[in-house]
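Structure data (compact mmCIF, C-alpha atoms and all ligand atoms) from coords_7.txt:
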# COMPACT_ATOMS: atom_id res chain seq x y z
CA MET H 1 5.51 -3.17 -36.43
CA ALA H 2 5.14 -3.76 -32.70
CA LEU H 3 7.61 -2.64 -30.07
CA LEU H 4 7.36 -4.70 -26.87
CA LEU H 5 9.03 -3.98 -23.56
CA GLY H 6 10.08 -7.01 -21.49
CA ILE H 7 10.59 -6.83 -17.73
CA GLU H 8 12.12 -9.63 -15.65
CA THR H 9 12.38 -9.53 -11.85
CA SER H 10 11.36 -13.04 -10.77
CA CYS H 11 14.44 -13.84 -8.72
CA ASP H 12 17.77 -12.07 -8.40
CA ASP H 13 18.34 -10.57 -11.86
CA THR H 14 16.76 -7.30 -12.94
CA GLY H 15 16.24 -7.28 -16.70
CA VAL H 16 14.66 -4.99 -19.29
CA ALA H 17 14.53 -5.50 -23.05
CA LEU H 18 12.96 -4.02 -26.15
CA MET H 19 11.82 -6.41 -28.84
CA GLU H 20 10.53 -5.30 -32.22
CA ASP H 21 8.64 -7.94 -34.21
CA GLY H 22 10.62 -10.76 -32.61
CA LYS H 23 13.96 -8.95 -33.12
CA LEU H 24 15.89 -7.69 -30.13
CA ARG H 25 16.41 -3.90 -30.17
CA GLY H 26 18.32 -3.84 -26.88
CA GLU H 27 18.47 -5.30 -23.39
CA LEU H 28 20.04 -4.64 -20.02
CA LEU H 29 20.58 -7.08 -17.18
CA SER H 30 21.70 -6.27 -13.67
CA SER H 31 22.79 -9.29 -11.67
CA GLN H 32 22.51 -9.43 -7.90
CA ASP H 33 24.84 -12.45 -7.63
CA LYS H 34 27.37 -10.49 -5.57
CA LEU H 35 24.73 -9.38 -3.05
CA HIS H 36 23.64 -12.96 -2.34
CA ALA H 37 26.88 -14.90 -2.89
CA VAL H 38 28.00 -14.95 0.74
CA TYR H 39 24.59 -16.13 2.00
CA GLY H 40 24.67 -19.30 -0.11
CA GLY H 41 21.30 -18.48 -1.67
CA VAL H 42 18.99 -15.62 -2.64
CA VAL H 43 17.79 -13.52 0.30
CA PRO H 44 14.27 -12.49 -0.82
CA GLU H 45 14.17 -9.18 1.06
CA ILE H 46 17.54 -8.09 -0.37
CA ALA H 47 16.41 -9.19 -3.85
CA SER H 48 13.19 -7.16 -3.91
CA ARG H 49 14.89 -4.04 -2.52
CA ALA H 50 17.60 -4.29 -5.15
CA HIS H 51 14.99 -4.64 -7.95
CA LEU H 52 13.19 -1.56 -6.62
CA GLU H 53 16.40 0.44 -6.63
CA ILE H 54 17.65 -0.54 -10.06
CA LEU H 55 14.58 -1.12 -12.28
CA PRO H 56 13.53 2.52 -13.03
CA SER H 57 17.05 3.63 -13.97
CA LEU H 58 17.68 0.45 -15.99
CA PHE H 59 14.49 1.14 -17.96
CA GLN H 60 15.51 4.73 -18.66
CA ARG H 61 18.97 3.67 -19.72
CA LEU H 62 17.50 1.12 -22.13
CA LEU H 63 15.30 3.76 -23.76
CA ARG H 64 18.30 6.07 -24.08
CA ASP H 65 20.57 3.34 -25.46
CA CYS H 66 17.96 2.32 -28.05
CA GLY H 67 16.95 5.89 -28.90
CA VAL H 68 13.34 5.04 -28.16
CA GLY H 69 10.69 7.27 -26.58
CA MET H 70 8.37 5.77 -23.96
CA GLU H 71 5.35 6.59 -26.14
CA GLU H 72 6.68 4.32 -28.92
CA ILE H 73 6.18 1.17 -26.81
CA ASP H 74 3.14 -0.86 -27.93
CA ALA H 75 2.78 -3.32 -25.03
CA ILE H 76 4.49 -4.38 -21.81
CA CYS H 77 5.41 -8.01 -21.15
CA VAL H 78 6.31 -8.73 -17.55
CA THR H 79 7.17 -11.88 -15.62
CA ARG H 80 4.13 -12.76 -13.59
CA GLY H 81 5.49 -15.92 -12.01
CA PRO H 82 6.65 -18.28 -10.76
CA GLY H 83 9.24 -16.60 -8.61
CA LEU H 84 9.84 -14.79 -5.36
CA MET H 85 6.69 -12.89 -4.42
CA GLY H 86 8.44 -9.65 -3.39
CA SER H 87 10.65 -9.64 -6.48
CA LEU H 88 7.76 -10.34 -8.85
CA LEU H 89 5.67 -7.57 -7.28
CA VAL H 90 8.36 -4.97 -8.00
CA GLY H 91 8.37 -5.79 -11.73
CA LEU H 92 4.63 -6.24 -11.95
CA GLY H 93 3.91 -2.98 -10.09
CA PHE H 94 6.29 -1.07 -12.36
CA ALA H 95 4.74 -2.67 -15.46
CA LYS H 96 1.20 -1.88 -14.33
CA GLY H 97 2.11 1.77 -13.69
CA LEU H 98 3.67 2.10 -17.14
CA ALA H 99 0.79 0.30 -18.86
CA MET H 100 -1.72 2.55 -17.14
CA GLY H 101 0.24 5.74 -17.83
CA LEU H 102 0.88 4.91 -21.47
CA GLU H 103 -2.55 3.32 -21.98
CA ILE H 104 -1.08 0.22 -23.61
CA PRO H 105 -1.71 -3.53 -23.05
CA LEU H 106 -0.06 -5.45 -20.22
CA ILE H 107 0.91 -9.09 -20.79
CA GLY H 108 1.79 -11.25 -17.77
CA VAL H 109 4.32 -13.86 -18.86
CA ASN H 110 4.97 -17.34 -17.46
CA HIS H 111 8.70 -17.27 -16.68
CA LEU H 112 9.14 -21.01 -17.31
CA HIS H 113 7.44 -20.94 -20.70
CA ALA H 114 9.63 -17.94 -21.58
CA HIS H 115 12.76 -19.98 -20.77
CA VAL H 116 11.57 -22.70 -23.16
CA LEU H 117 10.67 -20.22 -25.92
CA ALA H 118 14.09 -18.58 -25.58
CA ALA H 119 15.26 -21.49 -27.75
CA ALA H 120 13.18 -20.04 -30.60
CA MET H 121 14.82 -16.61 -30.39
CA GLU H 122 17.96 -17.77 -32.12
CA LYS H 123 16.57 -20.45 -34.44
CA GLU H 124 13.05 -21.24 -35.59
CA VAL H 125 11.72 -24.12 -33.47
CA ILE H 126 9.59 -26.94 -34.85
CA PHE H 127 6.39 -27.75 -32.93
CA PRO H 128 5.07 -29.90 -31.34
CA ALA H 129 8.13 -30.40 -29.15
CA VAL H 130 9.07 -32.06 -25.91
CA ALA H 131 10.74 -29.46 -23.69
CA LEU H 132 12.97 -29.98 -20.69
CA LEU H 133 13.16 -26.93 -18.47
CA ILE H 134 16.01 -27.07 -15.97
CA SER H 135 16.45 -24.00 -13.79
CA GLY H 136 17.29 -23.01 -10.25
CA GLY H 137 13.75 -23.53 -8.99
CA HIS H 138 12.19 -25.95 -11.48
CA THR H 139 12.69 -29.17 -13.39
CA HIS H 140 9.75 -29.56 -15.76
CA LEU H 141 9.01 -31.66 -18.80
CA TYR H 142 6.46 -30.19 -21.19
CA TYR H 143 4.69 -31.25 -24.32
CA VAL H 144 4.61 -27.99 -26.27
CA LYS H 145 2.03 -27.98 -29.04
CA SER H 146 2.64 -24.36 -29.98
CA PRO H 147 4.30 -21.32 -28.34
CA THR H 148 1.12 -20.68 -26.35
CA GLU H 149 0.07 -24.31 -25.65
CA PHE H 150 2.11 -26.01 -22.92
CA LYS H 151 1.19 -29.27 -21.20
CA LEU H 152 3.17 -30.18 -18.08
CA ILE H 153 4.04 -33.91 -18.31
CA GLY H 154 6.73 -34.32 -15.64
CA ARG H 155 8.29 -32.44 -12.75
CA THR H 156 10.65 -32.81 -9.84
CA LEU H 157 9.15 -34.20 -6.67
CA ASP H 158 11.67 -32.33 -4.50
CA ASP H 159 14.77 -30.32 -5.45
CA ALA H 160 15.20 -28.73 -8.87
CA VAL H 161 18.33 -29.63 -10.84
CA GLY H 162 19.78 -26.14 -10.37
CA GLU H 163 19.05 -26.35 -6.67
CA ALA H 164 20.99 -29.64 -6.48
CA PHE H 165 23.94 -28.00 -8.27
CA ASP H 166 23.80 -24.98 -5.96
CA LYS H 167 23.52 -27.09 -2.80
CA VAL H 168 26.46 -29.29 -3.81
CA ALA H 169 28.44 -26.11 -4.53
CA LYS H 170 27.53 -24.82 -1.09
CA LEU H 171 28.75 -28.06 0.51
CA LEU H 172 32.06 -27.46 -1.28
CA ASN H 173 32.23 -23.87 -0.01
CA LEU H 174 31.74 -22.40 -3.49
CA PRO H 175 29.87 -19.09 -4.02
CA TYR H 176 26.18 -18.91 -4.91
CA PRO H 177 24.95 -19.69 -7.55
CA GLY H 178 27.41 -22.53 -7.76
CA GLY H 179 26.17 -24.40 -10.86
CA ARG H 180 28.73 -22.86 -13.18
CA TYR H 181 31.57 -23.60 -10.74
CA ILE H 182 30.59 -27.27 -10.62
CA ASP H 183 30.42 -27.23 -14.42
CA GLN H 184 34.00 -25.95 -14.67
CA LEU H 185 35.36 -28.41 -12.11
CA ALA H 186 33.40 -31.34 -13.59
CA SER H 187 34.65 -30.60 -17.12
CA LYS H 188 38.22 -31.11 -15.92
CA GLY H 189 37.50 -34.30 -13.99
CA GLU H 190 36.64 -37.87 -14.84
CA ASN H 191 33.34 -39.61 -14.26
CA ARG H 192 34.18 -42.43 -11.86
CA GLY H 193 30.54 -43.46 -11.38
CA ILE H 194 30.51 -42.51 -7.72
CA PHE H 195 26.74 -41.82 -7.66
CA THR H 196 23.78 -43.91 -8.76
CA LEU H 197 21.14 -42.58 -11.16
CA PRO H 198 18.37 -41.01 -9.08
CA TYR H 199 14.72 -41.99 -9.52
CA VAL H 200 14.90 -43.67 -12.93
CA ASP H 201 13.65 -47.19 -12.05
CA ASN H 202 10.02 -46.31 -12.62
CA GLN H 203 7.73 -45.62 -15.56
CA ASN H 204 7.05 -41.94 -15.00
CA LEU H 205 8.41 -38.62 -16.20
CA ASP H 206 9.08 -37.13 -12.77
CA PHE H 207 12.43 -36.42 -11.17
CA SER H 208 13.94 -36.48 -7.70
CA PHE H 209 17.27 -34.87 -6.92
CA SER H 210 17.33 -34.62 -3.14
CA GLY H 211 18.80 -38.15 -2.84
CA ILE H 212 21.87 -37.42 -4.95
CA LYS H 213 22.45 -34.24 -2.98
CA THR H 214 22.48 -36.33 0.22
CA ALA H 215 24.79 -38.86 -1.46
CA VAL H 216 27.23 -36.01 -2.18
CA LEU H 217 26.96 -34.88 1.45
CA ASN H 218 27.75 -38.41 2.65
CA TYR H 219 30.67 -38.66 0.21
CA ILE H 220 32.08 -35.37 1.51
CA GLN H 221 31.73 -36.54 5.10
CA VAL H 222 33.84 -39.59 4.28
CA ASN H 223 36.28 -37.38 2.31
CA PRO H 224 36.49 -34.26 4.48
CA GLY H 225 39.40 -32.78 2.50
CA LEU H 226 37.17 -32.13 -0.55
CA PRO H 227 35.55 -28.73 0.21
CA PHE H 228 37.48 -25.53 -0.35
CA SER H 229 38.90 -24.23 2.92
CA SER H 230 38.04 -20.65 1.94
CA MET H 231 35.49 -19.58 -0.62
CA PRO H 232 37.26 -18.95 -3.96
CA GLU H 233 36.33 -15.82 -5.85
CA LYS H 234 37.18 -17.24 -9.24
CA ILE H 235 37.63 -20.86 -10.18
CA GLU H 236 40.06 -19.94 -12.96
CA THR H 237 42.66 -18.88 -10.42
CA MET H 238 42.53 -22.15 -8.43
CA ASP H 239 45.43 -24.56 -8.48
CA LEU H 240 43.86 -27.45 -10.38
CA GLU H 241 46.67 -29.87 -9.52
CA ILE H 242 45.87 -29.57 -5.82
CA ILE H 243 42.14 -29.97 -6.47
CA ARG H 244 42.85 -33.00 -8.67
CA LYS H 245 44.83 -34.67 -5.91
CA LYS H 246 41.90 -34.28 -3.59
CA GLY H 247 39.59 -36.03 -6.08
CA LEU H 248 37.31 -33.04 -6.19
CA LEU H 249 37.27 -32.81 -10.00
CA ASP H 250 36.26 -36.46 -10.31
CA MET H 251 33.54 -36.13 -7.71
CA CYS H 252 32.09 -33.09 -9.54
CA ALA H 253 32.35 -34.97 -12.85
CA SER H 254 30.56 -38.01 -11.39
CA PHE H 255 27.80 -35.79 -10.01
CA ASN H 256 27.38 -33.82 -13.24
CA HIS H 257 27.43 -36.90 -15.53
CA THR H 258 24.90 -38.70 -13.30
CA ILE H 259 22.53 -35.74 -13.50
CA ALA H 260 22.99 -35.47 -17.29
CA ARG H 261 22.30 -39.19 -17.80
CA THR H 262 19.19 -38.99 -15.62
CA LEU H 263 17.83 -36.10 -17.67
CA VAL H 264 18.46 -38.01 -20.92
CA ILE H 265 16.67 -41.12 -19.60
CA LYS H 266 13.54 -39.14 -18.75
CA LEU H 267 13.69 -37.17 -21.98
CA LYS H 268 13.92 -40.40 -23.96
CA ARG H 269 10.91 -41.73 -22.07
CA ALA H 270 8.96 -38.52 -22.75
CA LEU H 271 9.73 -38.82 -26.45
CA SER H 272 8.41 -42.40 -26.54
CA MET H 273 5.25 -41.34 -24.68
CA TYR H 274 4.71 -38.34 -26.97
CA PRO H 275 5.66 -39.71 -30.40
CA HIS H 276 4.10 -36.74 -32.21
CA ALA H 277 6.86 -34.49 -30.92
CA ARG H 278 9.12 -33.40 -33.78
CA ALA H 279 11.75 -31.58 -31.74
CA ILE H 280 13.42 -31.43 -28.36
CA ILE H 281 13.94 -28.19 -26.47
CA VAL H 282 16.28 -27.97 -23.48
CA ALA H 283 16.25 -24.63 -21.65
CA GLY H 284 16.68 -22.82 -18.31
CA GLY H 285 19.81 -21.82 -16.42
CA VAL H 286 21.16 -25.38 -16.07
CA ALA H 287 20.96 -25.85 -19.86
CA ALA H 288 24.13 -23.71 -19.90
CA ASN H 289 25.96 -26.69 -18.37
CA SER H 290 28.56 -27.97 -20.82
CA ILE H 291 28.27 -31.66 -19.89
CA ILE H 292 24.46 -31.61 -20.04
CA ARG H 293 24.64 -29.86 -23.43
CA SER H 294 26.90 -32.52 -24.87
CA TYR H 295 24.70 -35.36 -23.53
CA MET H 296 21.67 -33.69 -25.13
CA GLU H 297 23.47 -33.28 -28.46
CA ASP H 298 24.54 -36.95 -28.46
CA PHE H 299 21.04 -38.13 -27.53
CA CYS H 300 19.28 -36.06 -30.19
CA ARG H 301 21.74 -37.27 -32.81
CA GLU H 302 21.09 -40.86 -31.71
CA VAL H 303 17.30 -40.54 -32.05
CA SER H 304 17.48 -38.18 -35.09
CA VAL H 305 15.31 -35.51 -33.51
CA PRO H 306 16.43 -31.87 -33.84
CA LEU H 307 17.63 -30.24 -30.62
CA PHE H 308 16.86 -26.63 -29.79
CA ILE H 309 18.92 -25.30 -26.92
CA PRO H 310 19.55 -21.59 -26.32
CA SER H 311 23.12 -20.31 -26.35
CA PRO H 312 24.45 -20.25 -22.74
CA PRO H 313 23.72 -16.52 -22.10
CA ARG H 314 20.12 -17.08 -23.24
CA CYS H 315 19.69 -20.03 -20.83
CA THR H 316 19.80 -17.93 -17.67
CA ASP H 317 17.26 -15.27 -16.69
CA ASN H 318 16.89 -12.32 -19.05
CA ALA H 319 14.17 -9.90 -20.12
CA ALA H 320 14.50 -10.54 -23.86
CA MET H 321 12.92 -13.97 -23.41
CA ILE H 322 10.02 -12.35 -21.52
CA ALA H 323 9.33 -9.87 -24.34
CA PHE H 324 9.73 -12.66 -26.89
CA ALA H 325 7.29 -14.99 -25.09
CA GLY H 326 4.81 -12.15 -24.50
CA GLY H 327 4.98 -11.44 -28.23
CA PHE H 328 3.16 -14.71 -29.02
CA TRP H 329 0.19 -13.59 -26.91
CA TYR H 330 0.34 -10.10 -28.41
CA LYS H 331 0.17 -11.66 -31.87
CA ARG H 332 -2.97 -13.48 -30.76
CA ARG H 333 -4.31 -10.08 -29.58
CA LEU H 334 -4.48 -11.27 -25.97
CA CYS H 335 -3.41 -9.40 -22.85
CA HIS H 336 -4.22 -9.03 -19.13
CA ASP H 337 -6.09 -6.46 -17.16
CA LEU H 338 -4.35 -4.39 -14.50
CA PHE H 339 -5.66 -6.57 -11.64
CA ILE H 340 -3.49 -9.62 -12.33
CA ASP H 341 -1.58 -11.04 -9.42
CA ALA H 342 1.99 -12.23 -9.13
CA ILE H 343 2.11 -16.04 -8.82
CA PRO H 344 4.68 -17.58 -6.46
CA ARG H 345 6.51 -20.86 -7.03
CA GLY H 346 4.31 -23.96 -6.72
CA LYS H 347 1.06 -22.29 -7.81
CA GLU H 348 -0.59 -22.78 -11.18
CA ILE H 349 -0.48 -19.77 -13.51
CA PRO H 350 -3.99 -19.28 -14.93
CA LEU H 351 -4.65 -18.58 -18.60
CA ASP H 352 -6.78 -15.54 -17.76
CA PHE H 353 -6.16 -13.48 -20.87
CA LYS H 354 -8.61 -11.00 -22.35
CA GLU H 355 -8.83 -9.53 -25.81
CA ILE H 356 -6.82 -6.40 -26.58
O1 LIG G 401 17.00 -20.10 -15.12
P1 LIG G 401 17.86 -19.48 -14.10
O2 LIG G 401 18.79 -18.37 -14.52
O3 LIG G 401 17.03 -18.92 -12.91
C1 LIG G 401 15.87 -19.54 -12.46
O4 LIG G 401 14.80 -19.25 -13.05
O5 LIG G 401 16.02 -20.36 -11.53
O6 LIG G 401 18.70 -20.68 -13.45
C2 LIG G 401 19.62 -20.48 -12.44
C3 LIG G 401 20.23 -21.81 -12.11
C4 LIG G 401 21.12 -21.78 -10.87
O7 LIG G 401 20.79 -22.91 -10.07
C5 LIG G 401 22.51 -21.90 -11.45
O8 LIG G 401 23.45 -22.51 -10.57
C6 LIG G 401 22.26 -22.77 -12.64
O9 LIG G 401 21.07 -22.25 -13.19
N1 LIG G 401 23.34 -22.72 -13.64
C7 LIG G 401 24.12 -23.77 -13.94
C8 LIG G 401 25.05 -23.32 -14.90
N2 LIG G 401 24.80 -22.00 -15.15
C9 LIG G 401 23.75 -21.64 -14.36
N3 LIG G 401 24.11 -25.04 -13.49
C10 LIG G 401 25.02 -25.89 -13.99
N4 LIG G 401 25.95 -25.54 -14.90
C11 LIG G 401 26.00 -24.28 -15.40
N5 LIG G 401 26.92 -23.93 -16.30
ZN ZN G 402 14.65 -18.53 -14.71

Please express the file's structure as structure tokens.
Ligand code: KG4
Ligand code: ZN
Amino acid sequence: MALLLGIETSCDDTGVALMEDGKLRGELLSSQDKLHAVYGGVVPEIASRAHLEILPSLFQRLLRDCGVGMEEIDAICVTRGPGLMGSLLVGLGFAKGLAMGLEIPLIGVNHLHAHVLAAAMEKEVIFPAVALLISGGHTHLYYVKSPTEFKLIGRTLDDAVGEAFDKVAKLLNLPYPGGRYIDQLASKGENRGIFTLPYVDNQNLDFSFSGIKTAVLNYIQVNPGLPFSSMPEKIETMDLEIIRKKGLLDMCASFNHTIARTLVIKLKRALSMYPHARAIIVAGGVAANSIIRSYMEDFCREVSVPLFIPSPPRCTDNAAMIAFAGGFWYKRRLCHDLFIDAIPRGKEIPLDFKEI
């Protein structure tokens, strides 16, 4: 029996979780959404200060809730990157202190791989798989041979999918992070094919989403009545009839469907280039999107390949996925020493494990 602590502080959510032999004992998540909402994006300095404030008490509350003593923890799994440097350092520093004090192994976890493996928390995944990771900062395609063997086969050349959703939301005067607002508006609208599929007329597995974001900006400039005049607090309380008249629902639907179709085209291509793959995984915050989920389900049915997609709460950042992903390294008896660095976005995460 191994009890692993997971710590997640890569961006604007502080998370802690306890995982026992792949089973979740308990988790806590403190979102900073409200702190950043009015700025239209995460303010790194505010994010790291908030992590620093909340992490120790969140950890103690988790132990209390689970009835677990600190000395019962066998290893600490912490997000090492990619993410915001200041935010990562808070989690990593805390994890190092605990690992040193308790004299237990420290495992630095790749946040993106953890998102993908989150799909295996709820249902056993078949490997090898082609995985599409769509989050706020990344759009990656992987060939995943096993839970510890990831090969990057495609990536965005500019904006990540989540970034495109958030930027479009910002143009519409919606709060940050705006992806889920667009999702709700788009689900009530009709796809009128306003936007063209971005970066699909090629042979590669890469993506580009900055063009469609600019197309939305241009569309809004021609239709200046579209954005909300004041930032709504909750989309549920908006008068949908008024929004419908303005064509906002249809614009959001066109945007969302275009993104979903683009992702399916590249996924299909990846599957033909990696025919050994026996499953498809779709993960990351944007995998919570209802339209994208239904496109993925239709596509996987069409090609008769099983789809593994985490339930919506498991798509966005959480510490359970960090403990779960770290568990695969722990099982291989691999960990890190206390000198490991946090790795910011855009830098390769080395496989610098050592034996426990
Ligand atoms: O994976 P995640 O929680 O954090 C990162 O590692 O980036 O992803 C956050 C991203 C944000 O861009 C957010 O707007 C987007 O996921 N997101 C969604 C939905 N829920 C979250 N985008 C579209 N539709 C959703 N339902
Ligand atoms: Zn994430």

- request: Go through H:Phe127, H:Phe255, H:Tyr39, H:Phe207 and flag the residue nearest ligand LIG 401 (chain G), using only C-alpha atoms and all ligand atoms for the distances.
  value: H:Phe255

- prompt: What do you get as number ranges by chain if you pick all residues at most 9 Å from ligand LIG 401 (chain G), counting only C-alpha atoms and all ligand atoms?
  reply: H: 10-13, 82-83, 111-112, 115, 133-138, 160-167, 169, 176-184, 256, 283-292, 312-318

Take the residues from that selection and put them in a file with C-alpha atoms, as a tab-separated table (two decimals), in the coordinates of the input.
chain	number	residue	atom	x	y	z
H	10	SER	CA	11.36	-13.04	-10.77
H	11	CYS	CA	14.44	-13.84	-8.72
H	12	ASP	CA	17.77	-12.07	-8.40
H	13	ASP	CA	18.34	-10.57	-11.86
H	82	PRO	CA	6.65	-18.28	-10.76
H	83	GLY	CA	9.24	-16.60	-8.61
H	111	HIS	CA	8.70	-17.27	-16.68
H	112	LEU	CA	9.14	-21.01	-17.31
H	115	HIS	CA	12.76	-19.98	-20.77
H	133	LEU	CA	13.16	-26.93	-18.47
H	134	ILE	CA	16.01	-27.07	-15.97
H	135	SER	CA	16.45	-24.00	-13.79
H	136	GLY	CA	17.29	-23.01	-10.25
H	137	GLY	CA	13.75	-23.53	-8.99
H	138	HIS	CA	12.19	-25.95	-11.48
H	160	ALA	CA	15.20	-28.73	-8.87
H	161	VAL	CA	18.33	-29.63	-10.84
H	162	GLY	CA	19.78	-26.14	-10.37
H	163	GLU	CA	19.05	-26.35	-6.67
H	164	ALA	CA	20.99	-29.64	-6.48
H	165	PHE	CA	23.94	-28.00	-8.27
H	166	ASP	CA	23.80	-24.98	-5.96
H	167	LYS	CA	23.52	-27.09	-2.80
H	169	ALA	CA	28.44	-26.11	-4.53
H	176	TYR	CA	26.18	-18.91	-4.91
H	177	PRO	CA	24.95	-19.69	-7.55
H	178	GLY	CA	27.41	-22.53	-7.76
H	179	GLY	CA	26.17	-24.40	-10.86
H	180	ARG	CA	28.73	-22.86	-13.18
H	181	TYR	CA	31.57	-23.60	-10.74
H	182	ILE	CA	30.59	-27.27	-10.62
H	183	ASP	CA	30.42	-27.23	-14.42
H	184	GLN	CA	34.00	-25.95	-14.67
H	256	ASN	CA	27.38	-33.82	-13.24
H	283	ALA	CA	16.25	-24.63	-21.65
H	284	GLY	CA	16.68	-22.82	-18.31
H	285	GLY	CA	19.81	-21.82	-16.42
H	286	VAL	CA	21.16	-25.38	-16.07
H	287	ALA	CA	20.96	-25.85	-19.86
H	288	ALA	CA	24.13	-23.71	-19.90
H	289	ASN	CA	25.96	-26.69	-18.37
H	290	SER	CA	28.56	-27.97	-20.82
H	291	ILE	CA	28.27	-31.66	-19.89
H	292	ILE	CA	24.46	-31.61	-20.04
H	312	PRO	CA	24.45	-20.25	-22.74
H	313	PRO	CA	23.72	-16.52	-22.10
H	314	ARG	CA	20.12	-17.08	-23.24
H	315	CYS	CA	19.69	-20.03	-20.83
H	316	THR	CA	19.80	-17.93	-17.67
H	317	ASP	CA	17.26	-15.27	-16.69
H	318	ASN	CA	16.89	-12.32	-19.05

- prompt: What does the distance from CA of Ser146 (chain H) to CA of Ile126 (chain H) come to in Å, to one decimal?
  reply: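 These two atoms are separated by 8.9 Å.
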
field: Residues within 8 Å of region 54-59 of chain H, only C-alpha atoms, excluding chain neighbours under 4 positions, as a list in words
entry: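 Everything that qualifies: Thr14, Gly15, Val16, Leu28, Ser30, Ala50, Leu63 and Gly91 of chain H.
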
message: What's the separation between CA of Ile343 (chain H) and CA of Pro44 (chain H), in Å to one decimal place?
response: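 Separation of CA of Ile343 (chain H) and CA of Pro44 (chain H): 15.0 Å.
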
Non-local contacts of region 219-225 of chain H (8 Å; all atoms listed in the file; under 3 positions in same chain excluded) as a list in words: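 The filter keeps Ala215, Val216 and Lys246 of chain H.
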